[in-house]
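So this block is target_13.csv, CSV, C-alpha atoms:
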chain,number,residue,atom,x,y,z
J,1,MET,CA,0.0,0.0,0.0
J,2,ASN,CA,1.3,3.5,-0.9
J,3,LYS,CA,2.0,5.8,2.0
J,4,ILE,CA,-0.9,8.1,2.8
J,5,ASN,CA,-0.2,11.8,2.4
J,6,ILE,CA,-2.1,12.9,5.5
J,7,SER,CA,-1.5,16.6,4.9
J,8,THR,CA,-3.0,16.5,1.5
J,9,ILE,CA,-6.1,14.6,2.9
J,10,LEU,CA,-6.4,17.3,5.6
J,11,ALA,CA,-6.2,20.1,3.1
J,12,SER,CA,-8.9,18.5,1.0
J,13,ALA,CA,-11.1,18.0,4.1
J,14,ILE,CA,-10.6,21.7,5.0
J,15,HIS,CA,-11.5,22.8,1.5
J,16,GLU,CA,-14.8,20.8,1.7
J,17,SER,CA,-15.6,22.1,5.1
J,18,LYS,CA,-15.0,25.7,3.9
J,19,ASN,CA,-17.5,25.0,1.1
J,20,GLN,CA,-20.0,23.8,3.6
J,21,VAL,CA,-19.6,26.9,5.8
J,22,GLY,CA,-20.2,29.0,2.7
J,23,THR,CA,-23.4,27.2,2.1
J,24,LEU,CA,-24.5,27.8,5.7
J,25,LEU,CA,-23.6,31.5,5.4
J,26,TYR,CA,-25.8,31.8,2.3
J,27,GLN,CA,-28.7,30.1,4.1
J,28,LEU,CA,-28.2,32.2,7.2
J,29,GLN,CA,-28.3,35.4,5.1
J,30,ASN,CA,-31.7,34.4,3.7
J,31,LEU,CA,-32.9,33.7,7.2
J,32,LYS,CA,-31.6,37.1,8.5
J,33,GLU,CA,-33.4,38.9,5.7
J,34,SER,CA,-36.7,37.1,6.6
J,35,ILE,CA,-36.5,38.2,10.2
J,36,ASN,CA,-37.8,41.7,11.2
J,37,VAL,CA,-35.0,44.0,12.2
J,38,LYS,CA,-36.7,44.7,15.6
J,39,ASP,CA,-37.0,40.9,16.3
J,40,THR,CA,-34.9,39.9,19.3
J,41,ASN,CA,-33.6,37.0,17.3
J,42,GLN,CA,-32.0,39.3,14.8
J,43,GLN,CA,-28.9,39.9,17.0
J,44,LYS,CA,-28.5,36.2,17.7
J,45,VAL,CA,-28.5,35.5,13.9
J,46,VAL,CA,-25.8,38.2,13.4
J,47,VAL,CA,-23.6,36.7,16.1
J,48,ILE,CA,-23.9,33.2,14.5
J,49,GLU,CA,-23.2,34.7,11.1
J,50,GLU,CA,-20.1,36.5,12.3
J,51,SER,CA,-18.8,33.3,13.9
J,52,LEU,CA,-19.3,31.4,10.7
J,53,LYS,CA,-17.5,34.1,8.8
J,54,LYS,CA,-14.6,33.8,11.2
J,55,LEU,CA,-14.5,30.0,10.8
J,56,ASN,CA,-14.6,30.4,7.0
J,57,ASP,CA,-11.6,32.8,7.1
J,58,GLU,CA,-9.8,30.3,9.3
J,59,TRP,CA,-10.3,27.6,6.8
J,60,VAL,CA,-8.9,29.9,4.1
J,61,GLU,CA,-5.9,30.6,6.4
J,62,TYR,CA,-5.2,26.9,7.0
J,63,LEU,CA,-5.2,26.2,3.2
J,64,TYR,CA,-2.8,29.1,2.6
J,65,LEU,CA,-0.7,27.8,5.5
J,66,TYR,CA,-0.6,24.3,4.0
J,67,ARG,CA,0.6,25.7,0.7
J,68,LEU,CA,3.2,28.0,2.2
J,69,ALA,CA,4.6,25.2,4.4
J,70,SER,CA,4.8,22.8,1.5
J,71,ASP,CA,6.2,25.4,-1.0
J,72,GLY,CA,3.0,24.9,-3.0
J,73,TYR,CA,2.0,28.6,-3.0
J,74,ASP,CA,3.1,31.0,-5.7
J,75,LEU,CA,3.3,34.5,-4.5
J,76,HIS,CA,1.2,37.0,-6.5
J,77,VAL,CA,2.6,40.4,-5.8
J,78,ASP,CA,1.2,43.7,-7.1
J,79,THR,CA,1.3,47.3,-6.1
J,80,PHE,CA,-1.6,48.6,-4.1
J,81,LEU,CA,-2.7,51.9,-2.7
J,82,LEU,CA,-2.7,51.2,1.1
J,83,ASP,CA,-5.6,53.6,1.8
J,84,GLU,CA,-7.9,51.5,-0.5
J,85,PHE,CA,-6.5,48.2,0.8
J,86,LEU,CA,-7.1,49.1,4.5
J,87,ASP,CA,-10.5,50.5,3.7
J,88,ASP,CA,-11.5,47.2,2.1
J,89,GLN,CA,-10.3,45.3,5.2
J,90,VAL,CA,-12.3,47.5,7.5
J,91,PHE,CA,-15.4,47.3,5.3
J,92,ALA,CA,-15.2,43.4,5.4
J,93,LEU,CA,-14.6,43.2,9.1
J,94,GLN,CA,-16.8,46.0,10.4
J,95,PRO,CA,-19.9,43.7,11.0
J,96,SER,CA,-17.8,41.5,13.3
J,97,ALA,CA,-16.6,44.6,15.2
J,98,ASN,CA,-20.2,45.9,15.4
J,99,ALA,CA,-21.4,42.6,16.8
J,100,LYS,CA,-19.1,43.1,19.7
J,101,ASN,CA,-19.7,46.9,20.0
J,102,LEU,CA,-16.1,47.7,19.1
J,103,GLU,CA,-14.8,50.5,17.0
J,104,LEU,CA,-12.7,49.4,14.0
J,105,SER,CA,-10.8,52.0,12.0
J,106,TYR,CA,-7.8,52.5,9.8
J,107,LEU,CA,-5.0,55.1,9.5
J,108,CYS,CA,-2.5,55.7,6.7
J,109,ASP,CA,-1.2,58.3,4.3
J,110,SER,CA,-3.6,58.5,1.4
J,111,SER,CA,-0.7,58.4,-1.1
J,112,LEU,CA,1.1,55.4,0.4
J,113,ASN,CA,1.7,52.5,-2.0
J,114,GLY,CA,2.9,49.0,-1.2
J,115,THR,CA,3.9,45.9,-3.1
J,116,PHE,CA,2.7,42.6,-1.6
J,117,ASP,CA,0.4,39.5,-2.1
J,118,GLU,CA,-3.1,40.9,-1.5
J,119,ARG,CA,-4.6,37.5,-0.7
J,120,LEU,CA,-2.0,36.6,1.9
J,121,MET,CA,-2.1,40.0,3.6
J,122,THR,CA,-5.9,40.1,3.6
J,123,ALA,CA,-5.8,36.7,5.4
J,124,VAL,CA,-3.2,37.9,7.9
J,125,VAL,CA,-5.1,41.2,8.7
J,126,SER,CA,-8.4,39.4,9.2
J,127,THR,CA,-6.8,36.8,11.4
J,128,ALA,CA,-5.2,39.5,13.5
J,129,VAL,CA,-8.4,41.5,13.8
J,130,TYR,CA,-10.5,38.5,14.7
J,131,ASN,CA,-8.0,37.8,17.6
J,132,ALA,CA,-8.0,41.4,18.6
J,133,LEU,CA,-11.8,41.2,18.8
J,134,ARG,CA,-11.3,38.8,21.7
J,135,TYR,CA,-9.1,41.2,23.8
J,136,ALA,CA,-10.0,44.8,22.8
J,137,ARG,CA,-12.0,46.9,25.2
J,138,THR,CA,-13.4,49.5,22.8
J,139,LYS,CA,-11.1,50.0,19.8
J,140,ILE,CA,-9.1,48.2,17.1
J,141,LEU,CA,-6.9,50.2,14.6
J,142,ILE,CA,-5.3,48.9,11.4
J,143,SER,CA,-2.6,51.2,10.1
J,144,ALA,CA,0.2,51.3,7.4
J,145,ARG,CA,3.4,53.2,7.0
J,146,ASN,CA,6.7,53.2,5.2
J,147,GLU,CA,9.7,52.5,7.4
J,148,ASN,CA,13.2,51.9,6.1
J,149,ASP,CA,12.1,50.5,2.7
J,150,PHE,CA,9.5,48.3,4.4
J,151,ILE,CA,5.8,48.7,4.3
J,152,VAL,CA,4.5,48.1,7.9
J,153,ILE,CA,0.9,47.0,8.4
J,154,SER,CA,-0.1,47.1,12.1
J,155,ILE,CA,-3.1,45.8,13.9
J,156,GLU,CA,-3.5,47.4,17.4
J,157,ASP,CA,-6.1,47.2,20.2
J,158,ASP,CA,-6.7,48.8,23.5
J,159,GLY,CA,-6.8,45.6,25.5
J,160,ALA,CA,-4.4,44.4,28.2
J,161,GLY,CA,-1.5,43.8,25.7
J,162,PHE,CA,0.7,40.8,25.4
J,163,LYS,CA,0.8,38.5,28.4
J,164,GLN,CA,3.4,35.8,28.9
J,165,THR,CA,4.4,33.8,31.9
J,166,HIS,CA,6.5,30.7,32.3
J,167,ASP,CA,3.3,28.6,32.5
J,168,GLN,CA,1.3,30.4,29.8
J,169,PRO,CA,2.4,31.4,26.3
J,170,GLU,CA,1.4,34.7,24.7
J,171,GLU,CA,-2.3,34.7,23.8
J,172,PHE,CA,-2.5,37.2,21.0
J,173,LEU,CA,-2.9,35.3,17.7
J,174,GLU,CA,-2.3,32.0,19.4
J,175,GLY,CA,-5.9,30.8,19.9
J,176,ASN,CA,-6.0,27.1,20.7
J,177,THR,CA,-3.4,26.0,18.1
J,178,GLY,CA,-0.8,28.7,17.6
J,179,LEU,CA,-1.3,28.5,13.9
J,180,GLY,CA,-2.4,32.2,13.6
J,181,LEU,CA,1.0,33.5,14.5
J,182,TYR,CA,2.8,30.9,12.5
J,183,PHE,CA,0.7,31.8,9.5
J,184,ALA,CA,1.5,35.5,9.9
J,185,GLU,CA,5.3,34.7,10.1
J,186,LEU,CA,5.2,32.5,7.0
J,187,SER,CA,3.2,35.0,5.0
J,188,ALA,CA,5.6,37.8,5.9
J,189,ALA,CA,8.7,35.7,5.2
J,190,ALA,CA,7.3,34.7,1.8
J,191,HIS,CA,7.8,38.3,0.7
J,192,SER,CA,11.5,38.7,-0.1
J,193,LEU,CA,13.4,41.3,-2.0
J,194,ASN,CA,17.1,40.9,-2.7
J,195,GLU,CA,18.4,39.7,0.7
J,196,GLN,CA,15.6,41.2,2.7
J,197,LYS,CA,12.8,39.0,4.0
J,198,GLY,CA,9.5,40.1,5.6
J,199,PHE,CA,9.0,39.6,9.3
J,200,ILE,CA,6.5,40.3,12.1
J,201,LYS,CA,6.9,42.1,15.4
J,202,LYS,CA,4.8,41.8,18.6
J,203,GLU,CA,4.8,45.1,20.5
J,204,THR,CA,2.8,47.4,22.7
J,205,SER,CA,0.6,49.7,20.8
J,206,SER,CA,1.9,53.3,21.0
J,207,ILE,CA,-1.6,54.6,20.0
J,208,LEU,CA,-4.1,52.4,21.9
J,209,GLY,CA,-1.9,51.0,24.6
J,210,GLY,CA,-2.8,47.3,24.1
J,211,ALA,CA,-1.2,44.7,21.8
J,212,CYS,CA,0.2,45.5,18.4
J,213,LEU,CA,1.1,43.0,15.7
J,214,SER,CA,3.2,44.6,12.9
J,215,VAL,CA,3.9,42.9,9.5
J,216,HIS,CA,7.0,44.2,7.8
J,217,LEU,CA,7.2,43.7,4.0
J,218,PRO,CA,10.3,44.7,2.1
J,219,GLN,CA,9.9,47.2,-0.7
J,220,THR,CA,12.0,48.6,-3.5
J,221,LYS,CA,12.3,52.3,-4.4
J,222,SER,CA,11.7,51.3,-8.1
J,223,ASP,CA,8.3,49.9,-9.2
J,224,GLY,CA,7.5,46.3,-8.3
J,225,TYR,CA,9.6,43.3,-7.4
J,226,PRO,CA,12.6,42.3,-9.6

Could you rewrite the structure in this file as structure tokens?
Amino acid sequence: MNKINISTILASAIHESKNQVGTLLYQLQNLKESINVKDTNQQKVVVIEESLKKLNDEWVEYLYLYRLASDGYDLHVDTFLLDEFLDDQVFALQPSANAKNLELSYLCDSSLNGTFDERLMTAVVSTAVYNALRYARTKILISARNENDFIVISIEDDGAGFKQTHDQPEEFLEGNTGLGLYFAELSAAAHSLNEQKGFIKKETSSILGGACLSVHLPQTKSDGYP
């Protein structure tokens, strides 16, 4: 009997599960539209819907993680206006923030451009925001800036910040599996330029005082990647 490639089987199972979650989201959307806005069950449906969206995004992340770890992912880089990119992220994640009564906003120079893989960075930002939703008290901020020929995309909150003891690892982006942080690291490192590789930093937010995850992506002063 040939040796079973369990990672491929798991990736296939995740893909099928993601499709099932998509079907549930479609059915739930129809249910939500049939319920009166003033109905007390409307909020319950919204909470369930946002949980399913988070699960769907996690499945997408795991599929990317499998491809990155197995060198099966081809980086698709392009140049983007960061103001538009961050605006898209906030628009997609705003319902989840509203469901928890949290303020979600973004901040960057309107003329700032960056070269990166949009799909990977969208998955990284959504993963970081979903985890920040667990710890933020009132606010989450997504920002971008240019720093020493790196584009830096940061996700910050006003929670208690990073916590680490000898008995308990850091919680932010760890969840139950630790894959969130690993995914962010692999996604950043996949962006390389000359001898520079992308990386992440876990810091204290200088704006909100809580946790801050920064993704550093190397850039070139000329257009695009070589």

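Among the candidates J:Leu179, J:Leu141, J:Val77, J:Cys108, the residue lying nearest to J:Thr127 is J:Leu179 (atoms considered: all atoms listed in the file).
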
Contacts of J:Lys201 within 7 Å, all atoms listed in the file, excl. fewer than 2 positions in-chain, as a PDB file with C-alpha atoms, in the frame of the given file:
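As written to disk, around07.pdb reads:
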ATOM      1  CA  PHE J 199       9.000  39.600   9.300  1.00  0.00           C
ATOM      2  CA  GLU J 203       4.800  45.100  20.500  1.00  0.00           C
ATOM      3  CA  LEU J 213       1.100  43.000  15.700  1.00  0.00           C
ATOM      4  CA  SER J 214       3.200  44.600  12.900  1.00  0.00           C
ATOM      5  CA  VAL J 215       3.900  42.900   9.500  1.00  0.00           C
TER       6      VAL J 215
END

Within 10 Å of stretch 88-98 of chain J, counting all atoms listed in the file, which residues show up once you throw out same-chain ones fewer than 3 positions away? Write them as a ChimeraX atom specification, please. /J:46-47,49-51,53-54,82-85,101-106,121-123,125-126,129-130,132-133,138-142

Atom CA of J:Asn131 to atom CA of J:Thr79, straight-line distance in Å: 27.2 Å

May I ask for the distance between atom CA of J:Glu185 and atom CA of J:Gln20, given in Å to one decimal place?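 Between atom CA of J:Glu185 and atom CA of J:Gln20 the gap is 28.3 Å.
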
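Residue nearest J:Ile48, chosen from J:Leu68, J:Ile200, J:Leu31, J:Val60 and counting only C-alpha atoms: J:Leu31.
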
Got a sec: who's within 12 Å of J:His76, counting only C-alpha atoms, leaving out chain neighbours fewer than 3 positions off, as number ranges by chain? J: 73, 79, 115-121, 187, 190-191, 224-225

Select, from J:Asn30, J:Ser143, J:Ser154, J:Ser70, the residue with the minimum atom-to-atom distance to J:Cys212, counting only C-alpha atoms. J:Ser154

Work out how far atom CA of J:Ala184 is from atom CA of J:Pro218, in Å to one decimal.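 A separation of 14.9 Å between them.
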
Counting all atoms listed in the file, find the residues whose atoms lie at most 10 Å from (-10.6, 28.8, 6.8) (file coordinates) and write them out as a VMD selection string. chain J and resid 14 to 15 17 to 19 21 52 to 64 123 127

When you look at J:Glu147 with a cut-off of 12 Å (counting all atoms listed in the file), what residues show up, excluding the ones that are within fewer than 3 positions of it in the same chain? I need them as an NGL selection string. :J and (112 or 114 or 144 or 150-153 or 214-220)

Have a look at J:Leu181, J:Leu186, J:Ala160, J:Ala128 and name the one nearest to J:Asp71; count only C-alpha atoms. J:Leu186

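Ranking J:Tyr182, J:Asn194, J:Asp109, J:Lys32 by their shortest atom-to-atom distance to J:Ala69, with only C-alpha atoms included, puts J:Tyr182 first.
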
Which is closest to J:Gln196 among J:Asp87, J:Asp149, J:Glu33, J:Asp39, if we use only C-alpha atoms?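 Smallest distance to J:Gln196 is found for J:Asp149.
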